[in-house]
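Chemist: File follows, query23.pdb with PDB, C-alpha atoms:
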```
ATOM      1  CA  MET A   1    -128.386 195.675-278.842
ATOM      2  CA  MET A   2    -127.143 199.088-279.974
ATOM      3  CA  GLY A   3    -125.675 198.974-283.451
ATOM      4  CA  GLU A   4    -127.487 195.925-284.884
ATOM      5  CA  TRP A   5    -129.860 197.999-287.013
ATOM      6  CA  LYS A   6    -128.575 199.506-290.258
ATOM      7  CA  PRO A   7    -130.189 202.257-292.332
ATOM      8  CA  LYS A   8    -131.021 201.932-295.996
ATOM      9  CA  HIS A   9    -128.209 203.145-298.208
ATOM     10  CA  ARG A  10    -130.341 205.056-300.698
ATOM     11  CA  LEU A  11    -132.400 207.423-298.604
ATOM     12  CA  ALA A  12    -131.487 210.831-300.060
ATOM     13  CA  ASP A  13    -134.731 210.708-302.053
ATOM     14  CA  ASP A  14    -136.665 208.517-299.627
ATOM     15  CA  PRO A  15    -138.461 210.533-296.903
ATOM     16  CA  ALA A  16    -139.694 207.386-295.146
ATOM     17  CA  ALA A  17    -136.167 205.984-294.905
ATOM     18  CA  ARG A  18    -134.871 209.306-293.588
ATOM     19  CA  GLU A  19    -137.586 209.368-290.953
ATOM     20  CA  GLU A  20    -136.619 205.834-289.952
ATOM     21  CA  LEU A  21    -133.008 206.911-289.453
ATOM     22  CA  ASP A  22    -134.170 209.966-287.508
ATOM     23  CA  ARG A  23    -136.220 207.719-285.213
ATOM     24  CA  HIS A  24    -133.237 205.511-284.471
ATOM     25  CA  VAL A  25    -131.010 208.514-283.730
ATOM     26  CA  ARG A  26    -133.673 209.956-281.434
ATOM     27  CA  GLY A  27    -134.046 206.531-279.847
ATOM     28  CA  ILE A  28    -130.467 206.541-278.571
ATOM     29  CA  ASP A  29    -130.271 207.248-274.838
ATOM     30  CA  TRP A  30    -128.543 210.629-275.002
ATOM     31  CA  THR A  31    -127.197 210.760-271.477
ATOM     32  CA  ASP A  32    -124.595 213.339-270.473
ATOM     33  CA  ARG A  33    -121.934 210.739-271.148
ATOM     34  CA  ALA A  34    -123.402 209.859-274.553
ATOM     35  CA  VAL A  35    -123.428 213.522-275.604
ATOM     36  CA  GLU A  36    -119.696 213.850-274.936
ATOM     37  CA  PHE A  37    -117.495 214.129-278.023
ATOM     38  CA  GLY A  38    -116.060 210.785-279.067
ATOM     39  CA  SER A  39    -118.762 208.773-277.298
ATOM     40  CA  ARG A  40    -119.879 205.387-278.580
ATOM     41  CA  GLU A  41    -123.313 206.842-279.279
ATOM     42  CA  ARG A  42    -121.957 209.669-281.417
ATOM     43  CA  MET A  43    -119.790 207.168-283.284
ATOM     44  CA  LEU A  44    -122.861 205.040-283.959
ATOM     45  CA  ALA A  45    -124.843 207.974-285.369
ATOM     46  CA  ALA A  46    -121.873 208.912-287.563
ATOM     47  CA  ALA A  47    -121.519 205.323-288.781
ATOM     48  CA  TRP A  48    -125.186 205.277-289.755
ATOM     49  CA  MET A  49    -124.671 208.503-291.703
ATOM     50  CA  GLN A  50    -121.714 206.978-293.558
ATOM     51  CA  GLN A  51    -123.788 203.962-294.584
ATOM     52  CA  THR A  52    -126.250 206.184-296.446
ATOM     53  CA  ASP A  53    -126.174 208.442-299.491
ATOM     54  CA  LEU A  54    -127.248 211.530-297.521
ATOM     55  CA  VAL A  55    -124.109 213.498-298.393
ATOM     56  CA  GLU A  56    -123.846 212.020-301.874
ATOM     57  CA  GLY A  57    -127.421 213.080-302.565
ATOM     58  CA  GLU A  58    -126.551 216.701-301.852
ATOM     59  CA  MET A  59    -123.413 216.461-303.986
ATOM     60  CA  ARG A  60    -125.490 215.155-306.903
ATOM     61  CA  ARG A  61    -127.357 218.455-306.822
ATOM     62  CA  LEU A  62    -124.115 220.423-307.098
ATOM     63  CA  TYR A  63    -121.750 218.384-309.268
ATOM     64  CA  PRO A  64    -122.849 216.758-312.550
ATOM     65  CA  VAL A  65    -119.265 215.642-313.197
ATOM     66  CA  GLU A  66    -118.739 212.242-311.572
ATOM     67  CA  GLU A  67    -115.094 212.736-310.601
ATOM     68  CA  GLN A  68    -115.843 216.032-308.876
ATOM     69  CA  ARG A  69    -118.937 214.579-307.222
ATOM     70  CA  ASP A  70    -117.039 211.575-305.845
ATOM     71  CA  THR A  71    -114.200 213.768-304.573
ATOM     72  CA  MET A  72    -116.505 216.192-302.797
ATOM     73  CA  THR A  73    -118.699 213.393-301.412
ATOM     74  CA  ARG A  74    -115.707 211.815-299.721
ATOM     75  CA  TRP A  75    -114.324 215.145-298.468
ATOM     76  CA  VAL A  76    -117.653 216.378-297.091
ATOM     77  CA  THR A  77    -118.536 212.999-295.546
ATOM     78  CA  VAL A  78    -115.338 213.038-293.495
ATOM     79  CA  ARG A  79    -116.053 216.590-292.276
ATOM     80  CA  VAL A  80    -119.641 215.710-291.372
ATOM     81  CA  PHE A  81    -118.333 212.645-289.508
ATOM     82  CA  GLU A  82    -116.016 214.942-287.546
ATOM     83  CA  LYS A  83    -118.876 217.315-286.730
ATOM     84  CA  ILE A  84    -121.055 214.457-285.498
ATOM     85  CA  THR A  85    -118.402 212.745-283.375
ATOM     86  CA  GLY A  86    -116.206 215.643-282.302
ATOM     87  CA  VAL A  87    -113.214 213.506-283.284
ATOM     88  CA  PRO A  88    -110.693 214.864-285.834
ATOM     89  CA  VAL A  89    -110.009 212.556-288.769
ATOM     90  CA  GLU A  90    -108.432 214.735-291.449
ATOM     91  CA  SER A  91    -108.872 218.318-290.277
ATOM     92  CA  LYS A  92    -107.226 220.061-287.335
ATOM     93  CA  SER A  93    -109.473 220.390-284.305
ATOM     94  CA  THR A  94    -107.567 223.527-283.273
ATOM     95  CA  GLN A  95    -109.217 225.267-286.237
ATOM     96  CA  TRP A  96    -112.739 224.033-285.497
ATOM     97  CA  ASN A  97    -115.693 226.143-284.538
ATOM     98  CA  TRP A  98    -116.808 223.884-281.698
ATOM     99  CA  ASN A  99    -120.216 225.547-281.571
ATOM    100  CA  GLY A 100    -120.865 224.229-285.079
ATOM    101  CA  LEU A 101    -120.673 220.559-284.121
ATOM    102  CA  TRP A 102    -123.782 218.389-283.983
ATOM    103  CA  ASP A 103    -125.879 218.667-280.847
ATOM    104  CA  PRO A 104    -127.877 215.428-280.373
ATOM    105  CA  THR A 105    -130.093 217.074-277.754
ATOM    106  CA  GLU A 106    -131.574 219.525-280.268
ATOM    107  CA  PRO A 107    -135.104 218.483-281.337
ATOM    108  CA  THR A 108    -134.319 218.577-285.052
ATOM    109  CA  SER A 109    -134.002 216.031-287.835
ATOM    110  CA  PHE A 110    -130.610 214.303-287.915
ATOM    111  CA  CYS A 111    -130.928 213.706-291.661
ATOM    112  CA  GLY A 112    -131.958 217.312-292.192
ATOM    113  CA  TRP A 113    -128.928 218.522-290.255
ATOM    114  CA  VAL A 114    -126.573 216.347-292.325
ATOM    115  CA  ARG A 115    -128.068 217.591-295.583
ATOM    116  CA  ARG A 116    -128.151 221.220-294.476
ATOM    117  CA  ILE A 117    -124.522 221.287-293.376
ATOM    118  CA  SER A 118    -123.232 219.366-296.413
ATOM    119  CA  LEU A 119    -124.131 222.055-298.945
ATOM    120  CA  PRO A 120    -122.173 224.986-297.465
ATOM    121  CA  LEU A 121    -119.244 222.694-296.629
ATOM    122  CA  ALA A 122    -119.033 221.776-300.304
ATOM    123  CA  GLN A 123    -119.727 225.229-301.714
ATOM    124  CA  TRP A 124    -117.219 227.012-299.503
ATOM    125  CA  ASN A 125    -114.391 224.515-300.004
ATOM    126  CA  ALA A 126    -114.818 223.242-303.569
ATOM    127  CA  LYS A 127    -112.172 225.469-305.130
ATOM    128  CA  ARG A 128    -109.521 224.331-302.668
ATOM    129  CA  VAL A 129    -110.499 220.646-302.622
ATOM    130  CA  LEU A 130    -110.814 220.304-306.392
ATOM    131  CA  LYS A 131    -107.871 222.540-307.259
ATOM    132  CA  THR A 132    -105.538 219.653-308.069
ATOM    133  CA  ARG A 133    -108.243 217.654-309.795
ATOM    134  CA  THR A 134    -109.123 219.893-312.723
ATOM    135  CA  PRO A 135    -109.789 217.905-315.901
ATOM    136  CA  SER A 136    -110.262 219.447-319.302
ATOM    137  CA  ALA A 137    -113.739 220.882-319.741
ATOM    138  CA  SER A 138    -114.013 219.360-323.204
ATOM    139  CA  ALA A 139    -113.802 215.890-321.673
ATOM    140  CA  PHE A 140    -117.396 216.248-320.509
ATOM    141  CA  GLU A 141    -118.924 217.296-323.817
ATOM    142  CA  THR A 142    -121.396 214.836-325.321
ATOM    143  CA  GLU A 143    -121.739 213.981-328.994
ATOM    144  CA  ASP A 144    -124.531 216.509-329.409
ATOM    145  CA  GLY A 145    -122.374 219.278-327.975
ATOM    146  CA  HIS A 146    -123.983 219.414-324.527
ATOM    147  CA  ASN A 147    -121.483 220.138-321.781
ATOM    148  CA  PRO A 148    -122.880 219.897-318.239
ATOM    149  CA  VAL A 149    -119.992 221.937-316.896
ATOM    150  CA  TYR A 150    -121.086 224.953-318.916
ATOM    151  CA  ASP A 151    -124.693 224.283-319.860
ATOM    152  CA  ASP A 152    -126.371 223.117-316.642
ATOM    153  CA  ALA A 153    -127.486 226.039-314.530
ATOM    154  CA  SER A 154    -126.894 224.239-311.244
ATOM    155  CA  SER A 155    -123.598 222.664-312.215
ATOM    156  CA  THR A 156    -120.131 223.209-310.857
ATOM    157  CA  SER A 157    -117.333 224.549-313.018
ATOM    158  CA  VAL A 158    -114.276 222.420-313.663
ATOM    159  CA  ALA A 159    -112.244 225.073-311.915
ATOM    160  CA  GLY A 160    -113.818 223.796-308.747
ATOM    161  CA  GLY A 161    -116.163 226.590-307.771
ATOM    162  CA  SER A 162    -119.904 226.188-307.670
ATOM    163  CA  MET A 163    -121.840 228.148-310.259
ATOM    164  CA  ALA A 164    -123.503 229.642-307.204
ATOM    165  CA  SER A 165    -120.179 230.765-305.761
ATOM    166  CA  ALA A 166    -119.145 234.428-305.485
ATOM    167  CA  PRO A 167    -122.720 235.675-305.988
ATOM    168  CA  PHE A 168    -121.740 239.283-305.246
ATOM    169  CA  GLU A 169    -119.135 239.196-307.997
ATOM    170  CA  ARG A 170    -121.839 238.233-310.460
ATOM    171  CA  ASP A 171    -124.405 240.640-309.028
ATOM    172  CA  PRO A 172    -123.038 243.463-306.840
ATOM    173  CA  THR A 173    -126.577 244.791-306.322
ATOM    174  CA  LEU A 174    -127.635 241.800-304.199
ATOM    175  CA  ARG A 175    -129.136 242.707-300.836
ATOM    176  CA  VAL A 176    -129.539 240.079-298.120
ATOM    177  CA  PRO A 177    -131.738 240.816-295.073
ATOM    178  CA  ARG A 178    -130.362 238.035-292.866
ATOM    179  CA  PRO A 179    -132.811 237.291-290.045
ATOM    180  CA  VAL A 180    -132.223 237.392-286.311
ATOM    181  CA  GLY A 181    -133.984 235.910-283.311
ATOM    182  CA  ARG A 182    -137.239 234.019-283.712
ATOM    183  CA  ILE A 183    -137.454 234.328-287.510
ATOM    184  CA  ARG A 184    -133.913 233.020-287.934
ATOM    185  CA  LYS A 185    -134.717 230.071-285.684
ATOM    186  CA  GLN A 186    -137.891 229.316-287.653
ATOM    187  CA  MET A 187    -136.055 229.471-290.966
ATOM    188  CA  MET A 188    -133.234 227.247-289.718
ATOM    189  CA  ARG A 189    -135.784 224.717-288.496
ATOM    190  CA  ALA A 190    -137.569 224.857-291.857
ATOM    191  CA  VAL A 191    -134.342 224.105-293.725
ATOM    192  CA  THR A 192    -133.482 221.293-291.326
ATOM    193  CA  ASP A 193    -136.868 219.604-291.455
ATOM    194  CA  GLY A 194    -137.904 220.621-294.962
ATOM    195  CA  THR A 195    -136.362 222.544-297.842
ATOM    196  CA  CYS A 196    -134.821 225.908-298.609
ATOM    197  CA  GLU A 197    -138.080 226.860-300.292
ATOM    198  CA  ASP A 198    -139.863 226.400-296.953
ATOM    199  CA  ALA A 199    -137.418 228.773-295.255
ATOM    200  CA  ILE A 200    -137.744 231.330-298.034
ATOM    201  CA  ARG A 201    -141.526 231.218-297.676
ATOM    202  CA  ILE A 202    -141.143 232.131-293.996
ATOM    203  CA  ALA A 203    -138.868 235.045-294.906
ATOM    204  CA  ARG A 204    -141.338 236.340-297.482
ATOM    205  CA  ASP A 205    -144.275 236.042-295.085
ATOM    206  CA  ALA A 206    -142.310 237.942-292.441
ATOM    207  CA  GLY A 207    -141.448 240.721-294.898
ATOM    208  CA  LEU A 208    -137.796 239.772-294.611
ATOM    209  CA  TRP A 209    -136.978 239.357-298.282
ATOM    210  CA  ASP A 210    -135.330 241.492-300.924
ATOM    211  CA  HIS A 211    -136.333 241.247-304.573
ATOM    212  CA  THR A 212    -132.701 240.927-305.681
ATOM    213  CA  LEU A 213    -132.635 237.451-304.115
ATOM    214  CA  ASP A 214    -135.202 236.340-306.694
ATOM    215  CA  ARG A 215    -132.323 236.129-309.176
ATOM    216  CA  LEU A 216    -130.669 233.335-307.180
ATOM    217  CA  ASP A 217    -131.546 229.679-306.866
ATOM    218  CA  ALA A 218    -133.164 228.720-303.570
ATOM    219  CA  ASN A 219    -130.077 227.000-302.135
ATOM    220  CA  THR A 220    -127.806 229.979-302.748
ATOM    221  CA  ALA A 221    -130.345 232.434-301.360
ATOM    222  CA  CYS A 222    -130.775 230.242-298.293
ATOM    223  CA  MET A 223    -127.034 229.979-297.780
ATOM    224  CA  LEU A 224    -126.585 233.743-297.976
ATOM    225  CA  MET A 225    -129.411 234.317-295.502
ATOM    226  CA  LEU A 226    -128.692 231.582-292.962
ATOM    227  CA  ALA A 227    -125.177 230.152-293.188
ATOM    228  CA  PRO A 228    -123.409 230.964-289.903
ATOM    229  CA  ILE A 229    -120.402 233.252-289.976
ATOM    230  CA  PRO A 230    -117.265 231.625-288.532
ATOM    231  CA  GLN A 231    -116.717 232.863-285.000
ATOM    232  CA  ASP A 232    -113.266 234.230-285.771
ATOM    233  CA  MET A 233    -114.470 236.142-288.838
ATOM    234  CA  ALA A 234    -117.660 237.716-287.512
ATOM    235  CA  PRO A 235    -115.966 240.530-285.530
ATOM    236  CA  LEU A 236    -114.433 241.741-288.805
ATOM    237  CA  LEU A 237    -117.820 243.267-289.575
ATOM    238  CA  GLU A 238    -117.060 245.970-287.022
ATOM    239  CA  HIS A 239    -114.215 247.144-289.245
ATOM    240  CA  ASP A 240    -116.216 247.263-292.478
ATOM    241  CA  PRO A 241    -117.131 250.717-293.787
ATOM    242  CA  HIS A 242    -120.589 251.624-292.510
ATOM    243  CA  PRO A 243    -122.943 253.586-294.774
ATOM    244  CA  TRP A 244    -124.909 255.345-292.041
ATOM    245  CA  THR A 245    -124.315 257.313-288.872
ATOM    246  CA  GLY A 246    -124.444 255.306-285.650
ATOM    247  CA  MET A 247    -123.957 251.899-287.278
ATOM    248  CA  HIS A 248    -121.102 250.787-285.033
ATOM    249  CA  ASP A 249    -123.297 249.787-282.088
ATOM    250  CA  ALA A 250    -125.772 248.021-284.364
ATOM    251  CA  VAL A 251    -122.981 246.021-286.024
ATOM    252  CA  ARG A 252    -121.425 245.127-282.665
ATOM    253  CA  LEU A 253    -124.747 243.788-281.403
ATOM    254  CA  TYR A 254    -125.711 242.156-284.702
ATOM    255  CA  TRP A 255    -122.770 239.928-285.589
ATOM    256  CA  PRO A 256    -123.053 237.523-282.595
ATOM    257  CA  THR A 257    -126.563 236.626-283.802
ATOM    258  CA  GLN A 258    -125.129 235.421-287.121
ATOM    259  CA  THR A 259    -122.624 232.876-285.811
ATOM    260  CA  SER A 260    -123.291 229.248-284.914
ATOM    261  CA  ARG A 261    -123.476 230.096-281.220
ATOM    262  CA  ARG A 262    -126.785 228.955-279.819
ATOM    263  CA  ARG A 263    -129.405 231.115-278.152
ATOM    264  CA  VAL A 264    -127.695 234.449-278.630
ATOM    265  CA  TRP A 265    -129.942 237.090-277.113
ATOM    266  CA  GLN A 266    -129.242 240.720-277.938
ATOM    267  CA  PRO A 267    -132.053 242.769-276.358
ATOM    268  CA  ASP A 268    -130.363 246.050-277.304
ATOM    269  CA  LEU A 269    -130.101 245.220-281.015
ATOM    270  CA  LYS A 270    -133.618 246.347-281.913
ATOM    271  CA  ARG A 271    -133.091 249.676-280.146
ATOM    272  CA  ALA A 272    -129.760 250.155-281.930
ATOM    273  CA  VAL A 273    -131.421 249.457-285.291
ATOM    274  CA  GLN A 274    -134.204 251.914-284.455
ATOM    275  CA  ARG A 275    -131.657 254.617-283.588
ATOM    276  CA  VAL A 276    -129.800 254.153-286.883
ATOM    277  CA  ALA A 277    -133.058 254.246-288.843
ATOM    278  CA  ALA A 278    -134.233 257.429-287.124
ATOM    279  CA  ALA A 279    -130.872 259.193-287.427
ATOM    280  CA  ASN A 280    -130.550 258.481-291.145
ATOM    281  CA  ASP A 281    -134.186 258.729-292.256
ATOM    282  CA  VAL A 282    -134.338 255.088-293.375
ATOM    283  CA  THR A 283    -136.509 252.154-292.306
ATOM    284  CA  GLU A 284    -135.562 249.473-289.795
ATOM    285  CA  PHE A 285    -135.745 246.971-292.644
ATOM    286  CA  ASP A 286    -133.168 249.055-294.535
ATOM    287  CA  VAL A 287    -130.799 248.751-291.579
ATOM    288  CA  ILE A 288    -131.313 244.991-291.142
ATOM    289  CA  ARG A 289    -130.844 244.528-294.884
ATOM    290  CA  GLU A 290    -127.580 246.466-294.800
ATOM    291  CA  LEU A 291    -126.307 244.507-291.795
ATOM    292  CA  GLY A 292    -127.287 241.239-293.446
ATOM    293  CA  THR A 293    -125.626 242.152-296.718
ATOM    294  CA  MET A 294    -122.386 242.946-294.901
ATOM    295  CA  ALA A 295    -122.530 239.525-293.222
ATOM    296  CA  ALA A 296    -123.409 237.715-296.454
ATOM    297  CA  ARG A 297    -120.481 239.324-298.253
ATOM    298  CA  LEU A 298    -118.181 238.104-295.503
ATOM    299  CA  ILE A 299    -119.117 234.443-295.980
ATOM    300  CA  SER A 300    -119.275 234.567-299.778
ATOM    301  CA  ASP A 301    -115.916 236.225-300.440
TER     302      ASP A 301
END
```
Using the file provided, produce a representation of the structure as structure tokens.
Modeler:
Amino acid sequence: MMGEWKPKHRLADDPAAREELDRHVRGIDWTDRAVEFGSRERMLAAAWMQQTDLVEGEMRRLYPVEEQRDTMTRWVTVRVFEKITGVPVESKSTQWNWNGLWDPTEPTSFCGWVRRISLPLAQWNAKRVLKTRTPSASAFETEDGHNPVYDDASSTSVAGGSMASAPFERDPTLRVPRPVGRIRKQMMRAVTDGTCEDAIRIARDAGLWDHTLDRLDANTACMLMLAPIPQDMAPLLEHDPHPWTGMHDAVRLYWPTQTSRRRVWQPDLKRAVQRVAAANDVTEFDVIRELGTMAARLISD
């Protein structure tokens, strides 16, 4: 009977347990009715997620301070539940990007999807969520003077923002060649089924990497390269100042490939990039890198 099985709670660091949960999610009969938002099947998958430490495991990587970690775990878990079920719990569905909700028909890891979406949800919203929960930084200092808020490279500041937040403020020279098409799909699949390091390896092998990204941790680099731009924000790229002649068409064709919309096909994009490169005596990689950096700045501001 559907619903009798329960996943292990501690599976964030247990690949076998995650695979077991993935098998059970895949084993659900995803009929057209089951795929509908609010279905019993979606509710079951969301309930299984809530019974595990999948989200908490990602928050442990970001927040060494227990109070912050617990707050963000609860906040992110609710948002992931909403994205799995399509049912609003705390947020307003009128503000949702419906293309960003979970698609059970996609042949990807359910656990990988939960983990992948949890990180940007936390990183982009930490300042707002933790704003009213800001304890004194000195409260976390140990007897030997170690303070995880300040001393741990991957920690989150008590002000609420991740140490990886606002990367362009810390390094304005960053350049982010965000991928499109097949390479983007491969990298997204690598993050879902593996790690950010796997996706970065694909980017390097494809020649789609900039040395300035070496200064970032893998998660931040991955987020800048792959995190989808909200549908309502992406068109703003057309109004950004463009450094080269003829960029308008390239930007117009580029931004739809960087949203969460599925299977966006822009056959004219490559030709537009080639025209910009030829007109300005730069390489096609230079153009893609500039377009990607514009998009990355939009999501990191």
Chemist: Give me the result of the PyMOL selection byres ((chain A and resi 179) around 8) on this file, residue by residue, as a list in words.
Modeler: Pro177, Arg178, Val180, Gly181, Ile183, Arg184, Leu208, Met225, Leu226, Ile288 and Gly292 of chain A
Chemist: Exactly which residues make up the result of the PyMOL selection byres ((chain A and resi 255) around 10) on this file, given as a list in words?
Modeler: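 That selection, the PyMOL selection byres ((chain A and resi 255) around 10), comes back as Val180, Pro228, Ile229, Gln231, Met233, Ala234, Pro235, Leu236, Leu237, Glu238, Ala250, Val251, Arg252, Leu253, Tyr254, Pro256, Thr257, Gln258, Thr259, Leu291, Gly292, Met294 and Ala295 of chain A.
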Chemist: Can you work out the spacing between CA of Ala203 in chain A and CA of Glu290 in chain A in Å, to one decimal?
Modeler: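 That distance, rounded to one decimal, is 16.1 Å.
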Chemist: In Å, how far is it from CA of Met59 in chain A to CA of Trp113 in chain A?
Modeler: 14.9 Å
Chemist: Name the residues in contact with range 81-89 of chain A at a cut-off of 12 Å, using only C-alpha atoms, excluding same-chain residues fewer than 3 positions from it; report them as a PyMOL selection string.
Modeler: chain A and resi 25+34-51+55+73-78+92-104+110-111+113-114+117-118+121
Chemist: Rounded to one decimal place, report the CA of Arg69 in chain A-CA of Ser91 in chain A distance in Å.
Modeler: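 Distance reported for this atom pair: 20.1 Å.
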Chemist: Given the choices A:Ile28, A:Arg297, A:Asp193, A:Ala206, which gets closest to Asp240 in chain A if the distance is worked out from all atoms listed in the file?
Modeler: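 Closest to Asp240 in chain A, using all atoms listed in the file: A:Arg297.
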Chemist: Let me know the residues the PyMOL selection byres ((chain A and resi 72) around 12) catches in the file above, as number ranges by chain.
Modeler: A: 55-71, 73-80, 118-131, 133, 156, 160-162
Chemist: Show which residues sit within 9 Å of Lys8 in chain A, as a CSV table (one decimal) with C-alpha atoms, in the coordinates of the input. Count all atoms listed in the file, and ignore same-chain residues fewer than 6 positions away.
Modeler:
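File written: result_32.csv
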```
chain,number,residue,atom,x,y,z
A,17,ALA,CA,-136.2,206.0,-294.9
A,18,ARG,CA,-134.9,209.3,-293.6
A,21,LEU,CA,-133.0,206.9,-289.5
A,51,GLN,CA,-123.8,204.0,-294.6
A,52,THR,CA,-126.2,206.2,-296.4
A,53,ASP,CA,-126.2,208.4,-299.5
```
Chemist: Assuming 3 Å of padding per side, give the centre and edge lengths of the axis-aligned box around every listed atom of range 37-46 of chain A, in Å to one decimal and as JSON.
Modeler:
```
{"center_x": -120.5, "center_y": 209.6, "center_z": -282.4, "size_x": 14.8, "size_y": 15.1, "size_z": 16.3}
```
